Amino acid sequence: MPIEVTTRHMQGLDDIREYAEGKAAELVEAFPACEHVHVILDHEKHLFKAEVVLQAGHHVRIEGTESLDNMRAAIDGAVEKVERQYRRL
């Protein structure tokens with residue numbers, strides 16, 4: 001499976017992990033050339049940070065990050081940034 005979710009400084013958030021996996025699966029479905037998606041979730045003070053790294057063929061690597069006070073919104077923002085960059089290519 002080309003989807004990997006890593007959490008830092010957070011424990012016991014299975015619903016957030018499943019949400020991130022679902023969003024990453026949407027990226028894989030939308031872009032068939034995608035080889036690997038890595039979602040990194042982090043919590044710093046009062047902000048939640050989501051980083052999405054997409055690797056595709058021909059050495060294409062796209063990264064998108066978002067820091068917000070809501071984890072689901074941060075994941076959505078990072079995924080949207082990656083989608084926009086990939087479509088631009």
# chains A, B, ... in the order shown; residues from 1 in each chain; ligands from 1
>>> residues_around(residues="stretch 63-80 of chain A", least_positions_apart="5", cutoff="7 Å", atoms="only C-alpha atoms", output="CSV table (one decimal) with all heavy atoms, in the first residue's frame")
chain,number,residue,atom,x,y,z
A,20,ALA,N,-6.9,10.7,7.8
A,20,ALA,CA,-5.7,11.1,7.0
A,20,ALA,C,-5.5,10.0,5.9
A,20,ALA,O,-5.2,10.3,4.7
A,20,ALA,CB,-4.5,11.2,7.8
A,46,HIS,N,-0.6,24.9,20.6
A,46,HIS,CA,-2.0,24.9,20.3
A,46,HIS,C,-2.3,24.7,18.9
A,46,HIS,O,-3.5,24.7,18.4
A,46,HIS,CB,-2.6,26.2,20.8
A,46,HIS,CG,-2.1,27.4,20.0
A,46,HIS,ND1,-0.9,28.0,20.3
A,46,HIS,CD2,-2.6,28.1,19.0
A,46,HIS,CE1,-0.7,29.0,19.4
A,46,HIS,NE2,-1.7,29.1,18.6
A,47,LEU,N,-1.3,24.4,18.1
A,47,LEU,CA,-1.5,24.2,16.6
A,47,LEU,C,-1.3,22.7,16.2
A,47,LEU,O,-0.4,22.0,16.8
A,47,LEU,CB,-0.5,25.0,15.8
A,47,LEU,CG,-0.7,26.5,15.8
A,47,LEU,CD1,0.4,27.2,15.0
A,47,LEU,CD2,-2.1,26.9,15.2
A,48,PHE,N,-2.1,22.3,15.3
A,48,PHE,CA,-1.9,21.0,14.7
A,48,PHE,C,-1.3,21.2,13.3
A,48,PHE,O,-1.7,22.1,12.5
A,48,PHE,CB,-3.2,20.3,14.5
A,48,PHE,CG,-3.9,19.9,15.8
A,48,PHE,CD1,-4.9,20.7,16.4
A,48,PHE,CD2,-3.5,18.8,16.5
A,48,PHE,CE1,-5.5,20.4,17.6
A,48,PHE,CE2,-4.1,18.5,17.7
A,48,PHE,CZ,-5.1,19.2,18.2
A,49,LYS,N,-0.3,20.4,13.0
A,49,LYS,CA,0.5,20.6,11.7
A,49,LYS,C,0.3,19.3,10.9
A,49,LYS,O,0.5,18.2,11.5
A,49,LYS,CB,1.9,20.8,12.0
A,49,LYS,CG,2.8,21.0,10.8
A,49,LYS,CD,4.2,21.3,11.1
A,49,LYS,CE,5.0,21.5,9.9
A,49,LYS,NZ,6.5,21.7,10.2
A,50,ALA,N,-0.1,19.4,9.7
A,50,ALA,CA,-0.2,18.3,8.8
A,50,ALA,C,0.8,18.5,7.6
A,50,ALA,O,0.8,19.6,7.0
A,50,ALA,CB,-1.6,18.1,8.3
A,51,GLU,N,1.5,17.5,7.2
A,51,GLU,CA,2.4,17.6,6.1
A,51,GLU,C,2.2,16.4,5.2
A,51,GLU,O,2.1,15.2,5.7
A,51,GLU,CB,3.9,17.6,6.6
A,51,GLU,CG,4.9,17.6,5.5
A,51,GLU,CD,6.3,17.7,6.0
A,51,GLU,OE1,6.5,17.8,7.2
A,51,GLU,OE2,7.2,17.6,5.1
A,52,VAL,N,2.0,16.6,3.9
A,52,VAL,CA,1.7,15.5,3.0
A,52,VAL,C,2.8,15.5,1.9
A,52,VAL,O,3.1,16.6,1.3
A,52,VAL,CB,0.3,15.7,2.3
A,52,VAL,CG1,0.1,14.6,1.2
A,52,VAL,CG2,-0.8,15.8,3.3
A,53,VAL,N,3.5,14.4,1.8
A,53,VAL,CA,4.6,14.2,0.8
A,53,VAL,C,4.1,13.2,-0.2
A,53,VAL,O,3.8,12.0,0.2
A,53,VAL,CB,5.9,13.8,1.5
A,53,VAL,CG1,7.0,13.6,0.5
A,53,VAL,CG2,6.3,14.7,2.6
A,54,LEU,N,4.0,13.6,-1.5
A,54,LEU,CA,3.6,12.7,-2.5
A,54,LEU,C,4.8,12.4,-3.5
A,54,LEU,O,5.5,13.3,-3.9
A,54,LEU,CB,2.5,13.3,-3.3
A,54,LEU,CG,1.9,12.5,-4.5
A,54,LEU,CD1,0.4,12.7,-4.4
A,54,LEU,CD2,2.4,13.0,-5.8
>>> select_by_dssp(residues="chain A", states="alpha helix (DSSP H)", output="PyMOL selection string")
chain A and resi 14-30+71-88
>>> residues_around(residues="A:Thr6", least_positions_apart="5", cutoff="12 Å", atoms="only C-alpha atoms", output="ChimeraX atom specification")
/A:11,13-14,16-18,20-21,37-43,49-53
>>> residues_around(residues="A:Gln55", least_positions_apart="5", cutoff="7 Å", atoms="only C-alpha atoms", output="list in words")
Cys34, Glu35, His36, Val37, Val60, Arg61 and Ile62 of chain A
>>> write_last_selection(atoms="N, CA, C and O atoms", output="mmCIF file, in the first residue's frame")
data_model
loop_
_atom_site.group_PDB
_atom_site.id
_atom_site.type_symbol
_atom_site.label_atom_id
_atom_site.label_comp_id
_atom_site.auth_asym_id
_atom_site.auth_seq_id
_atom_site.Cartn_x
_atom_site.Cartn_y
_atom_site.Cartn_z
ATOM 1 N N CYS A 34 0.883 8.164 -8.992
ATOM 2 C CA CYS A 34 1.390 8.316 -7.632
ATOM 3 C C CYS A 34 1.944 6.978 -7.134
ATOM 4 O O CYS A 34 1.283 5.951 -7.210
ATOM 5 N N GLU A 35 3.163 7.011 -6.601
ATOM 6 C CA GLU A 35 3.799 5.799 -6.098
ATOM 7 C C GLU A 35 3.724 5.665 -4.587
ATOM 8 O O GLU A 35 3.648 4.565 -4.064
ATOM 9 N N HIS A 36 3.746 6.799 -3.871
ATOM 10 C CA HIS A 36 3.769 6.743 -2.411
ATOM 11 C C HIS A 36 3.244 8.060 -1.841
ATOM 12 O O HIS A 36 3.583 9.132 -2.341
ATOM 13 N N VAL A 37 2.438 7.977 -0.783
ATOM 14 C CA VAL A 37 1.957 9.163 -0.072
ATOM 15 C C VAL A 37 2.304 8.989 1.400
ATOM 16 O O VAL A 37 1.991 7.959 2.005
ATOM 17 N N VAL A 60 9.359 12.759 -9.236
ATOM 18 C CA VAL A 60 8.499 13.875 -8.836
ATOM 19 C C VAL A 60 8.203 13.733 -7.350
ATOM 20 O O VAL A 60 7.722 12.696 -6.894
ATOM 21 N N ARG A 61 8.498 14.781 -6.594
ATOM 22 C CA ARG A 61 8.219 14.811 -5.151
ATOM 23 C C ARG A 61 7.537 16.133 -4.835
ATOM 24 O O ARG A 61 8.092 17.201 -5.079
ATOM 25 N N ILE A 62 6.343 16.053 -4.268
ATOM 26 C CA ILE A 62 5.546 17.240 -3.966
ATOM 27 C C ILE A 62 5.227 17.231 -2.476
ATOM 28 O O ILE A 62 4.816 16.212 -1.930
#
>>> atom_distance(atom1="atom CA of A:Lys45", atom2="atom CA of A:Lys81")
23.6 Å
>>> select_by_dssp(residues="chain A", states="strand (DSSP E or B)", output="NGL selection string")
:A and (3-8 or 34-44 or 47-56 or 60-68)
>>> residues_around(residues="A:Leu27", least_positions_apart="2", cutoff="9 Å", atoms="only C-alpha atoms", output="NGL selection string")
:A and (22-25 or 29-32 or 34 or 37 or 54 or 79 or 82-83)
>>> write_last_selection(atoms="N, CA and C atoms", output="PDB file, in the first residue's frame")
ATOM      1  N   GLY A  22      -7.811   8.141   4.556  1.00  0.00           N
ATOM      2  CA  GLY A  22      -8.860   8.313   3.553  1.00  0.00           C
ATOM      3  C   GLY A  22      -8.542   9.431   2.575  1.00  0.00           C
ATOM      4  N   LYS A  23      -8.030  10.538   3.085  1.00  0.00           N
ATOM      5  CA  LYS A  23      -7.654  11.652   2.213  1.00  0.00           C
ATOM      6  C   LYS A  23      -6.485  11.263   1.299  1.00  0.00           C
ATOM      7  N   ALA A  24      -5.529  10.514   1.842  1.00  0.00           N
ATOM      8  CA  ALA A  24      -4.402  10.060   1.033  1.00  0.00           C
ATOM      9  C   ALA A  24      -4.871   9.075  -0.035  1.00  0.00           C
ATOM     10  N   ALA A  25      -5.843   8.243   0.300  1.00  0.00           N
ATOM     11  CA  ALA A  25      -6.390   7.297  -0.679  1.00  0.00           C
ATOM     12  C   ALA A  25      -7.074   8.036  -1.824  1.00  0.00           C
ATOM     13  N   GLU A  29      -6.183   7.683  -5.810  1.00  0.00           N
ATOM     14  CA  GLU A  29      -7.203   7.422  -6.832  1.00  0.00           C
ATOM     15  C   GLU A  29      -7.212   8.509  -7.906  1.00  0.00           C
ATOM     16  N   ALA A  30      -7.014   9.759  -7.497  1.00  0.00           N
ATOM     17  CA  ALA A  30      -7.072  10.871  -8.445  1.00  0.00           C
ATOM     18  C   ALA A  30      -5.852  10.900  -9.361  1.00  0.00           C
ATOM     19  N   PHE A  31      -4.701  10.472  -8.848  1.00  0.00           N
ATOM     20  CA  PHE A  31      -3.462  10.518  -9.614  1.00  0.00           C
ATOM     21  C   PHE A  31      -2.865   9.116  -9.690  1.00  0.00           C
ATOM     22  N   PRO A  32      -3.147   8.371 -10.758  1.00  0.00           N
ATOM     23  CA  PRO A  32      -2.666   6.990 -10.851  1.00  0.00           C
ATOM     24  C   PRO A  32      -1.142   6.855 -10.935  1.00  0.00           C
ATOM     25  N   CYS A  34       0.883   8.164  -8.992  1.00  0.00           N
ATOM     26  CA  CYS A  34       1.390   8.316  -7.632  1.00  0.00           C
ATOM     27  C   CYS A  34       1.944   6.978  -7.134  1.00  0.00           C
ATOM     28  N   VAL A  37       2.438   7.977  -0.783  1.00  0.00           N
ATOM     29  CA  VAL A  37       1.957   9.163  -0.072  1.00  0.00           C
ATOM     30  C   VAL A  37       2.304   8.989   1.400  1.00  0.00           C
ATOM     31  N   LEU A  54       4.021  13.561  -1.463  1.00  0.00           N
ATOM     32  CA  LEU A  54       3.586  12.675  -2.540  1.00  0.00           C
ATOM     33  C   LEU A  54       4.767  12.409  -3.455  1.00  0.00           C
ATOM     34  N   VAL A  79      -3.623  18.561   1.826  1.00  0.00           N
ATOM     35  CA  VAL A  79      -3.992  17.745   0.662  1.00  0.00           C
ATOM     36  C   VAL A  79      -4.345  18.642  -0.525  1.00  0.00           C
ATOM     37  N   VAL A  82      -1.173  19.944  -2.155  1.00  0.00           N
ATOM     38  CA  VAL A  82      -0.504  18.918  -2.957  1.00  0.00           C
ATOM     39  C   VAL A  82      -1.249  18.699  -4.266  1.00  0.00           C
ATOM     40  N   GLU A  83      -2.582  18.651  -4.219  1.00  0.00           N
ATOM     41  CA  GLU A  83      -3.387  18.483  -5.434  1.00  0.00           C
ATOM     42  C   GLU A  83      -3.120  19.617  -6.416  1.00  0.00           C
TER      43      GLU A  83
END
